[in-house]
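J.: Provided below: target-v5.txt, containing compact mmCIF, C-alpha atoms.
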```txt
# COMPACT_ATOMS: atom_id res chain seq x y z
CA ARG V 1 -9.49 -32.71 -10.62
CA ALA V 2 -10.15 -35.44 -8.09
CA ALA V 3 -6.58 -35.23 -6.82
CA VAL V 4 -6.83 -31.44 -6.50
CA GLU V 5 -10.05 -31.74 -4.51
CA GLN V 6 -8.56 -34.37 -2.22
CA ILE V 7 -5.38 -32.33 -1.68
CA GLN V 8 -7.41 -29.22 -0.89
CA SER V 9 -9.55 -31.05 1.66
CA ARG V 10 -6.92 -33.35 3.22
CA GLY V 11 -3.58 -31.65 2.51
CA VAL V 12 -0.68 -33.04 0.53
CA ALA V 13 0.83 -34.99 3.43
CA ALA V 14 -2.41 -36.72 4.38
CA VAL V 15 -3.84 -37.50 0.95
CA ARG V 16 -3.45 -41.11 -0.18
CA ILE V 17 -3.68 -42.77 -3.56
CA ALA V 18 -6.61 -44.71 -2.09
CA ASP V 19 -8.47 -41.44 -1.39
CA ILE V 20 -8.12 -40.29 -4.97
CA ALA V 21 -8.97 -43.69 -6.41
CA SER V 22 -12.06 -43.88 -4.21
CA ALA V 23 -13.19 -40.41 -5.31
CA LEU V 24 -12.86 -41.55 -8.92
CA GLY V 25 -14.45 -44.96 -8.34
CA VAL V 26 -11.38 -46.78 -9.68
CA SER V 27 -8.70 -49.01 -8.22
CA ASN V 28 -5.47 -47.83 -6.62
CA ALA V 29 -3.62 -49.83 -9.27
CA LEU V 30 -5.21 -47.83 -12.08
CA VAL V 31 -4.15 -44.53 -10.52
CA LEU V 32 -0.63 -45.87 -9.95
CA TYR V 33 -0.52 -47.20 -13.52
CA HIS V 34 -0.93 -43.65 -14.82
CA TYR V 35 1.22 -41.79 -12.29
CA SER V 36 3.52 -44.47 -10.76
CA THR V 37 3.95 -42.56 -7.46
CA LYS V 38 1.98 -40.28 -5.20
CA GLU V 39 4.60 -37.58 -5.79
CA ASN V 40 4.02 -37.70 -9.55
CA LEU V 41 0.27 -37.55 -9.06
CA VAL V 42 0.55 -34.57 -6.71
CA ALA V 43 2.85 -32.79 -9.18
CA ALA V 44 0.36 -33.44 -12.01
CA ALA V 45 -2.57 -32.26 -9.88
CA PHE V 46 -0.71 -29.10 -8.91
CA THR V 47 0.19 -28.42 -12.54
CA TYR V 48 -3.42 -28.93 -13.61
CA ALA V 49 -4.75 -26.49 -11.00
CA ALA V 50 -2.04 -23.88 -11.51
CA GLU V 51 -2.34 -23.97 -15.30
CA GLY V 52 -5.96 -22.87 -14.96
CA ASP V 53 -4.90 -19.82 -12.96
CA LEU V 54 -2.03 -19.13 -15.37
CA ALA V 55 -4.42 -19.23 -18.32
CA HIS V 56 -6.66 -16.70 -16.60
CA LEU V 57 -3.67 -14.49 -15.78
CA ARG V 58 -2.58 -14.56 -19.43
CA LYS V 59 -6.11 -13.65 -20.47
CA LEU V 60 -6.16 -10.66 -18.10
CA LEU V 61 -2.71 -9.50 -19.19
CA GLY V 62 -3.49 -10.02 -22.86
CA ARG V 63 -6.45 -7.65 -23.01
CA ARG V 64 -6.31 -4.68 -25.36
CA THR V 65 -6.04 -1.90 -22.82
CA SER V 66 -3.30 -0.01 -21.02
CA ALA V 67 -0.56 -1.92 -19.24
CA VAL V 68 -1.50 -0.15 -15.99
CA ARG V 69 -5.10 -1.32 -16.24
CA ARG V 70 -4.06 -4.90 -17.07
CA LEU V 71 -1.56 -5.01 -14.23
CA ARG V 72 -3.98 -3.63 -11.65
CA THR V 73 -6.68 -6.06 -12.75
CA ALA V 74 -4.27 -9.00 -12.62
CA VAL V 75 -2.74 -8.04 -9.28
CA ARG V 76 -6.15 -7.52 -7.69
CA TRP V 77 -7.33 -10.88 -9.08
CA TYR V 78 -4.17 -12.61 -7.82
CA ALA V 79 -4.37 -10.96 -4.40
CA PRO V 80 -5.74 -13.16 -1.61
CA THR V 81 -8.89 -11.01 -1.60
CA GLY V 82 -9.46 -11.54 -5.33
CA GLN V 83 -11.02 -14.37 -7.28
CA ALA V 84 -7.87 -16.49 -7.72
CA LYS V 85 -8.64 -19.92 -6.41
CA GLY V 86 -6.19 -22.39 -5.08
CA TRP V 87 -4.22 -20.41 -2.51
CA ARG V 88 -4.47 -23.34 -0.15
CA LEU V 89 -3.22 -25.62 -2.91
CA TRP V 90 -0.27 -23.30 -3.69
CA ILE V 91 0.67 -23.16 -0.02
CA GLU V 92 0.42 -26.94 0.26
CA GLY V 93 2.51 -27.27 -2.89
CA TRP V 94 5.23 -24.94 -1.61
CA ALA V 95 5.44 -26.82 1.69
CA ALA V 96 5.53 -30.25 0.05
CA SER V 97 8.10 -29.11 -2.52
CA LEU V 98 10.63 -28.77 0.29
CA ARG V 99 10.70 -32.58 0.44
CA GLU V 100 9.58 -33.67 -3.02
CA PRO V 101 11.91 -32.88 -5.95
CA ALA V 102 9.25 -33.55 -8.63
CA LEU V 103 6.88 -31.06 -7.04
CA ARG V 104 9.71 -28.58 -6.46
CA ALA V 105 10.46 -28.53 -10.19
CA VAL V 106 6.79 -28.00 -11.01
CA THR V 107 6.23 -25.22 -8.47
CA ARG V 108 9.41 -23.44 -9.54
CA GLU V 109 8.43 -23.54 -13.23
CA LEU V 110 4.89 -22.34 -12.57
CA ASP V 111 6.11 -19.57 -10.27
CA GLN V 112 8.56 -18.42 -12.94
CA GLN V 113 5.73 -18.29 -15.48
CA TRP V 114 3.73 -15.98 -13.18
CA LYS V 115 6.69 -13.66 -12.75
CA ALA V 116 7.53 -13.71 -16.47
CA ALA V 117 3.97 -12.77 -17.43
CA LEU V 118 3.97 -9.80 -15.05
CA THR V 119 7.50 -8.78 -16.08
CA GLU V 120 6.47 -8.68 -19.73
CA VAL V 121 3.56 -6.31 -19.15
CA ILE V 122 5.56 -4.11 -16.77
CA ALA V 123 8.31 -3.82 -19.39
CA GLU V 124 5.73 -3.07 -22.07
CA GLY V 125 4.10 -0.30 -20.04
CA SER V 126 7.45 1.21 -19.11
CA ALA V 127 8.60 1.19 -22.74
CA ALA V 128 5.32 2.84 -23.79
CA GLY V 129 5.85 5.61 -21.23
CA GLU V 130 2.80 4.77 -19.13
CA PHE V 131 5.00 4.64 -16.04
CA THR V 132 8.63 4.33 -15.02
CA CYS V 133 10.11 1.04 -13.91
CA GLU V 134 13.85 0.51 -14.18
CA ASP V 135 13.76 -3.23 -13.42
CA PRO V 136 10.49 -4.92 -14.47
CA SER V 137 11.69 -8.35 -13.34
CA ALA V 138 12.53 -7.12 -9.83
CA ALA V 139 9.18 -5.34 -9.66
CA ALA V 140 7.36 -8.56 -10.60
CA TRP V 141 9.33 -10.46 -7.95
CA ARG V 142 8.50 -7.91 -5.26
CA LEU V 143 4.81 -7.81 -6.18
CA THR V 144 4.42 -11.58 -6.20
CA ALA V 145 6.41 -11.92 -2.97
CA LEU V 146 4.06 -9.46 -1.26
CA LEU V 147 0.96 -11.17 -2.61
CA ASP V 148 2.25 -14.66 -1.80
CA GLY V 149 3.06 -13.59 1.74
CA LEU V 150 -0.34 -11.98 2.20
CA ALA V 151 -1.97 -15.13 0.85
CA VAL V 152 -0.17 -17.28 3.41
CA GLN V 153 -1.31 -14.94 6.18
CA MET V 154 -4.89 -14.69 4.94
CA THR V 155 -5.20 -18.43 4.32
CA SER V 156 -3.66 -19.37 7.65
CA TYR V 157 -5.33 -16.65 9.71
CA ALA V 158 -8.60 -15.87 7.95
CA GLY V 159 -10.23 -12.58 8.85
CA THR V 160 -7.14 -10.85 10.19
CA LEU V 161 -7.37 -8.06 7.59
CA THR V 162 -10.30 -6.63 5.69
CA LYS V 163 -10.67 -6.93 1.95
CA ALA V 164 -10.46 -3.13 1.69
CA THR V 165 -7.13 -3.10 3.53
CA MET V 166 -5.72 -5.84 1.32
CA LEU V 167 -6.75 -3.99 -1.85
CA GLU V 168 -5.30 -0.74 -0.49
CA TRP V 169 -1.95 -2.42 0.21
CA THR V 170 -2.02 -4.07 -3.21
CA ASP V 171 -2.65 -0.75 -4.95
CA GLU V 172 0.06 0.96 -2.89
CA ALA V 173 2.62 -1.71 -3.83
CA LEU V 174 1.68 -1.64 -7.51
CA ALA V 175 1.80 2.18 -7.66
CA ARG V 176 5.20 2.21 -5.93
CA GLU V 177 6.61 -0.37 -8.37
CA LEU V 178 5.34 1.61 -11.35
CA GLY V 179 6.58 4.95 -10.05
CA LEU V 180 3.05 6.31 -9.77
CA GLU V 181 1.07 7.98 -7.03
CA ARG V 182 -1.93 5.97 -5.85
CA ALA V 183 -4.24 8.62 -7.31
CA GLU V 184 -2.48 8.28 -10.68
CA LEU V 185 -2.94 4.51 -10.54
CA ALA V 186 -6.65 4.91 -9.77
CA ASP V 187 -7.08 7.51 -12.54
CA ALA V 188 -5.24 5.32 -15.07
CA THR V 189 -7.52 2.38 -14.38
CA ARG V 190 -10.87 4.15 -14.56
```
Just give me the structure as structure tokens.

T.:
Amino acid sequence: RAAVEQIQSRGVAAVRIADIASALGVSNALVLYHYSTKENLVAAAFTYAAEGDLAHLRKLLGRRTSAVRRLRTAVRWYAPTGQAKGWRLWIEGWAASLREPALRAVTRELDQQWKAALTEVIAEGSAAGEFTCEDPSAAAWRLTALLDGLAVQMTSYAGTLTKATMLEWTDEALARELGLERAELADATR
């Protein structure tokens, strides 16, 4: 938790073992004893933070309701206007993973888990006849790519779009991926 807080406030590149140790009230040596390198500590911090969001995503997608309702709830929560925390951390993680193999492996695995969770529910809803989606995996990739891109824009340039616009775009993308009209999506989630 302390590492996550330090990364969020200072950024991955600027955070030091000393900053994290100071926040914990322990020595640098103790932090290094447990993680051996800053890269390992950053990877562990990122995993810790992302696992919390993944657990919440699984909870949303595991509810006993229609696949459409679960998907819309999850996508709206994941959207940069939703309640998902840690967009700054994800963006920092993606940038740092370009140079740090340990973090790259972690971010790739966590990203694949997000896509797999969405793919599963899209496939389930399509099989149940709630909507039509020929390639649930591709749909999950396109949805997360849109949301990730919007998150980068909204985090980097706060206030450029309204929350209403972001939710409208999110609903439009989800409806398109599920072969529904926006009105059908709204009706299915009431």

J.: Show me as a VMD selection string the residues that reach within 12 Å of (-8.6, -34.4, -5.8), counting all atoms listed in the file and using the file's own coordinates.

T.: chain V and resid 1 to 12 15 to 24 41 to 42 44 to 46 48 to 49 89

J.: Here's a test: counting only C-alpha atoms, identify every protein, DNA and RNA residue with an atom at most 10 Å from (4.8, -2.3, -19.1) in the file's coordinate frame, and state them as an MDAnalysis selection string.

T.: chainID V and resid 66:68 70:71 118:133 136 178

J.: Go ahead and compute the interatomic distance for atom CA of V:Arg190 and atom CA of V:Arg63, in Å to one decimal.

T.: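 Taking atom CA of V:Arg190 as the start and atom CA of V:Arg63 as the end point, the length is 15.2 Å.
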
J.: Between atom CA of V:Glu92 and atom CA of V:Ala29, what is the spacing in Å?

T.: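 These two atoms are separated by 25.1 Å.
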
J.: Measure the distance from atom CA of V:Ala74 to atom CA of V:Trp94 in Å and round it to one decimal.

T.: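 Rounded to one decimal, the two atoms are 21.6 Å apart.
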
J.: Compare V:Leu174, V:Leu54, V:Ala102, V:Leu61 by their minimum atom-to-atom distance to V:Thr37, counting all atoms listed in the file, and give me the closest one.

T.: V:Ala102

J.: Would you mind listing what lies within 10 Å of V:Thr81 as a ChimeraX atom specification, with only C-alpha atoms counted and same-chain residues fewer than 3 positions away left out?

T.: /V:76-78,84,147,150-151,154,161-167,170

J.: List the spatial neighbours of V:Arg104 as a PDB file with C-alpha atoms, in the frame of the given file - criterion: any atom at most 12 Å away, only C-alpha atoms, same-chain residues fewer than 2 positions off excluded.

T.:
```
ATOM      1  CA  GLU V  39       4.600 -37.580  -5.790  1.00  0.00           C
ATOM      2  CA  ASN V  40       4.020 -37.700  -9.550  1.00  0.00           C
ATOM      3  CA  VAL V  42       0.550 -34.570  -6.710  1.00  0.00           C
ATOM      4  CA  ALA V  43       2.850 -32.790  -9.180  1.00  0.00           C
ATOM      5  CA  ALA V  44       0.360 -33.440 -12.010  1.00  0.00           C
ATOM      6  CA  PHE V  46      -0.710 -29.100  -8.910  1.00  0.00           C
ATOM      7  CA  THR V  47       0.190 -28.420 -12.540  1.00  0.00           C
ATOM      8  CA  TRP V  90      -0.270 -23.300  -3.690  1.00  0.00           C
ATOM      9  CA  GLU V  92       0.420 -26.940   0.260  1.00  0.00           C
ATOM     10  CA  GLY V  93       2.510 -27.270  -2.890  1.00  0.00           C
ATOM     11  CA  TRP V  94       5.230 -24.940  -1.610  1.00  0.00           C
ATOM     12  CA  ALA V  95       5.440 -26.820   1.690  1.00  0.00           C
ATOM     13  CA  ALA V  96       5.530 -30.250   0.050  1.00  0.00           C
ATOM     14  CA  SER V  97       8.100 -29.110  -2.520  1.00  0.00           C
ATOM     15  CA  LEU V  98      10.630 -28.770   0.290  1.00  0.00           C
ATOM     16  CA  ARG V  99      10.700 -32.580   0.440  1.00  0.00           C
ATOM     17  CA  GLU V 100       9.580 -33.670  -3.020  1.00  0.00           C
ATOM     18  CA  PRO V 101      11.910 -32.880  -5.950  1.00  0.00           C
ATOM     19  CA  ALA V 102       9.250 -33.550  -8.630  1.00  0.00           C
ATOM     20  CA  VAL V 106       6.790 -28.000 -11.010  1.00  0.00           C
ATOM     21  CA  THR V 107       6.230 -25.220  -8.470  1.00  0.00           C
ATOM     22  CA  ARG V 108       9.410 -23.440  -9.540  1.00  0.00           C
ATOM     23  CA  GLU V 109       8.430 -23.540 -13.230  1.00  0.00           C
ATOM     24  CA  LEU V 110       4.890 -22.340 -12.570  1.00  0.00           C
ATOM     25  CA  ASP V 111       6.110 -19.570 -10.270  1.00  0.00           C
TER      26      ASP V 111
END
```

J.: Out of V:Leu146, V:Ala50, V:Thr73, V:Ser137, which residue has the shortest atom-to-atom distance to V:Ala186 when counting only C-alpha atoms?

T.: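 The shortest atom-to-atom distance to V:Ala186 comes from V:Thr73.
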
J.: Using all atoms listed in the file for the distances, tell me which of V:Leu30, V:Leu57, V:Ala13, V:Ala188 is nearest to V:Ala79.

T.: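 Answer, going by the shortest atom-to-atom distance: V:Leu57.
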
J.: Using all atoms listed in the file, pick whichever of V:Trp141, V:Ala55, V:Gly25, V:Ala158 has the shortest atom-to-atom distance to V:Lys115.

T.: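 For V:Lys115, the nearest of the given residues is V:Trp141.
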
J.: Under the rule that all atoms listed in the file are counted, which of V:His34, V:Gly159, V:Gly149, V:Ala139 is the nearest residue to V:Glu177?

T.: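 Comparing V:His34, V:Gly159, V:Gly149, V:Ala139 against V:Glu177, the winner is V:Ala139.
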
J.: Determine the nearest neighbour of V:Gly52 from the options V:Thr160, V:Ala140, V:Gly86, V:Thr155, counting all atoms listed in the file.

T.: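 Ranking V:Thr160, V:Ala140, V:Gly86, V:Thr155 by distance to V:Gly52, first place goes to V:Gly86.
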
J.: Could N, CA and C atoms be built for stretch 94-122 of chain V and written out as a compact mmCIF listing (two decimals), in the coordinates of the input?

T.:
```txt
# COMPACT_ATOMS: atom_id res chain seq x y z
N TRP V 94 3.94 -25.50 -2.04
CA TRP V 94 5.23 -24.94 -1.61
C TRP V 94 5.81 -25.75 -0.45
N ALA V 95 4.96 -26.07 0.52
CA ALA V 95 5.44 -26.82 1.69
C ALA V 95 5.93 -28.21 1.28
N ALA V 96 5.15 -28.90 0.47
CA ALA V 96 5.53 -30.25 0.05
C ALA V 96 6.76 -30.24 -0.85
N SER V 97 6.96 -29.17 -1.61
CA SER V 97 8.10 -29.11 -2.52
C SER V 97 9.44 -29.07 -1.78
N LEU V 98 9.41 -28.74 -0.50
CA LEU V 98 10.63 -28.77 0.29
C LEU V 98 11.18 -30.19 0.41
N ARG V 99 10.30 -31.18 0.29
CA ARG V 99 10.70 -32.58 0.44
C ARG V 99 10.58 -33.39 -0.84
N GLU V 100 9.86 -32.89 -1.82
CA GLU V 100 9.58 -33.67 -3.02
C GLU V 100 10.15 -32.98 -4.27
N PRO V 101 11.25 -33.52 -4.80
CA PRO V 101 11.91 -32.88 -5.95
C PRO V 101 11.00 -32.71 -7.18
N ALA V 102 10.13 -33.66 -7.45
CA ALA V 102 9.25 -33.55 -8.63
C ALA V 102 8.32 -32.36 -8.47
N LEU V 103 7.78 -32.19 -7.29
CA LEU V 103 6.88 -31.06 -7.04
C LEU V 103 7.66 -29.75 -7.00
N ARG V 104 8.87 -29.78 -6.49
CA ARG V 104 9.71 -28.58 -6.46
C ARG V 104 9.94 -28.05 -7.87
N ALA V 105 10.23 -28.95 -8.80
CA ALA V 105 10.46 -28.53 -10.19
C ALA V 105 9.20 -27.92 -10.79
N VAL V 106 8.06 -28.51 -10.49
CA VAL V 106 6.79 -28.00 -11.01
C VAL V 106 6.46 -26.63 -10.41
N THR V 107 6.58 -26.50 -9.10
CA THR V 107 6.23 -25.22 -8.47
C THR V 107 7.17 -24.12 -8.92
N ARG V 108 8.45 -24.44 -9.08
CA ARG V 108 9.41 -23.44 -9.54
C ARG V 108 9.06 -22.97 -10.95
N GLU V 109 8.77 -23.90 -11.84
CA GLU V 109 8.43 -23.54 -13.23
C GLU V 109 7.16 -22.70 -13.29
N LEU V 110 6.14 -23.09 -12.56
CA LEU V 110 4.89 -22.34 -12.57
C LEU V 110 5.07 -20.94 -11.97
N ASP V 111 5.84 -20.86 -10.90
CA ASP V 111 6.11 -19.57 -10.27
C ASP V 111 6.86 -18.66 -11.25
N GLN V 112 7.81 -19.21 -11.96
CA GLN V 112 8.56 -18.42 -12.94
C GLN V 112 7.66 -17.92 -14.06
N GLN V 113 6.67 -18.73 -14.44
CA GLN V 113 5.73 -18.29 -15.48
C GLN V 113 4.90 -17.10 -15.00
N TRP V 114 4.48 -17.12 -13.74
CA TRP V 114 3.73 -15.98 -13.18
C TRP V 114 4.58 -14.72 -13.26
N LYS V 115 5.81 -14.83 -12.77
CA LYS V 115 6.69 -13.66 -12.75
C LYS V 115 7.00 -13.17 -14.16
N ALA V 116 7.21 -14.09 -15.08
CA ALA V 116 7.53 -13.71 -16.47
C ALA V 116 6.36 -12.97 -17.12
N ALA V 117 5.15 -13.42 -16.85
CA ALA V 117 3.97 -12.77 -17.43
C ALA V 117 3.84 -11.33 -16.90
N LEU V 118 4.02 -11.14 -15.62
CA LEU V 118 3.97 -9.80 -15.05
C LEU V 118 5.13 -8.93 -15.55
N THR V 119 6.31 -9.51 -15.60
CA THR V 119 7.50 -8.78 -16.08
C THR V 119 7.28 -8.24 -17.48
N GLU V 120 6.70 -9.07 -18.34
CA GLU V 120 6.47 -8.68 -19.73
C GLU V 120 5.57 -7.45 -19.83
N VAL V 121 4.49 -7.44 -19.07
CA VAL V 121 3.56 -6.31 -19.15
C VAL V 121 4.16 -5.08 -18.48
N ILE V 122 4.90 -5.26 -17.40
CA ILE V 122 5.56 -4.11 -16.77
C ILE V 122 6.57 -3.50 -17.74
```
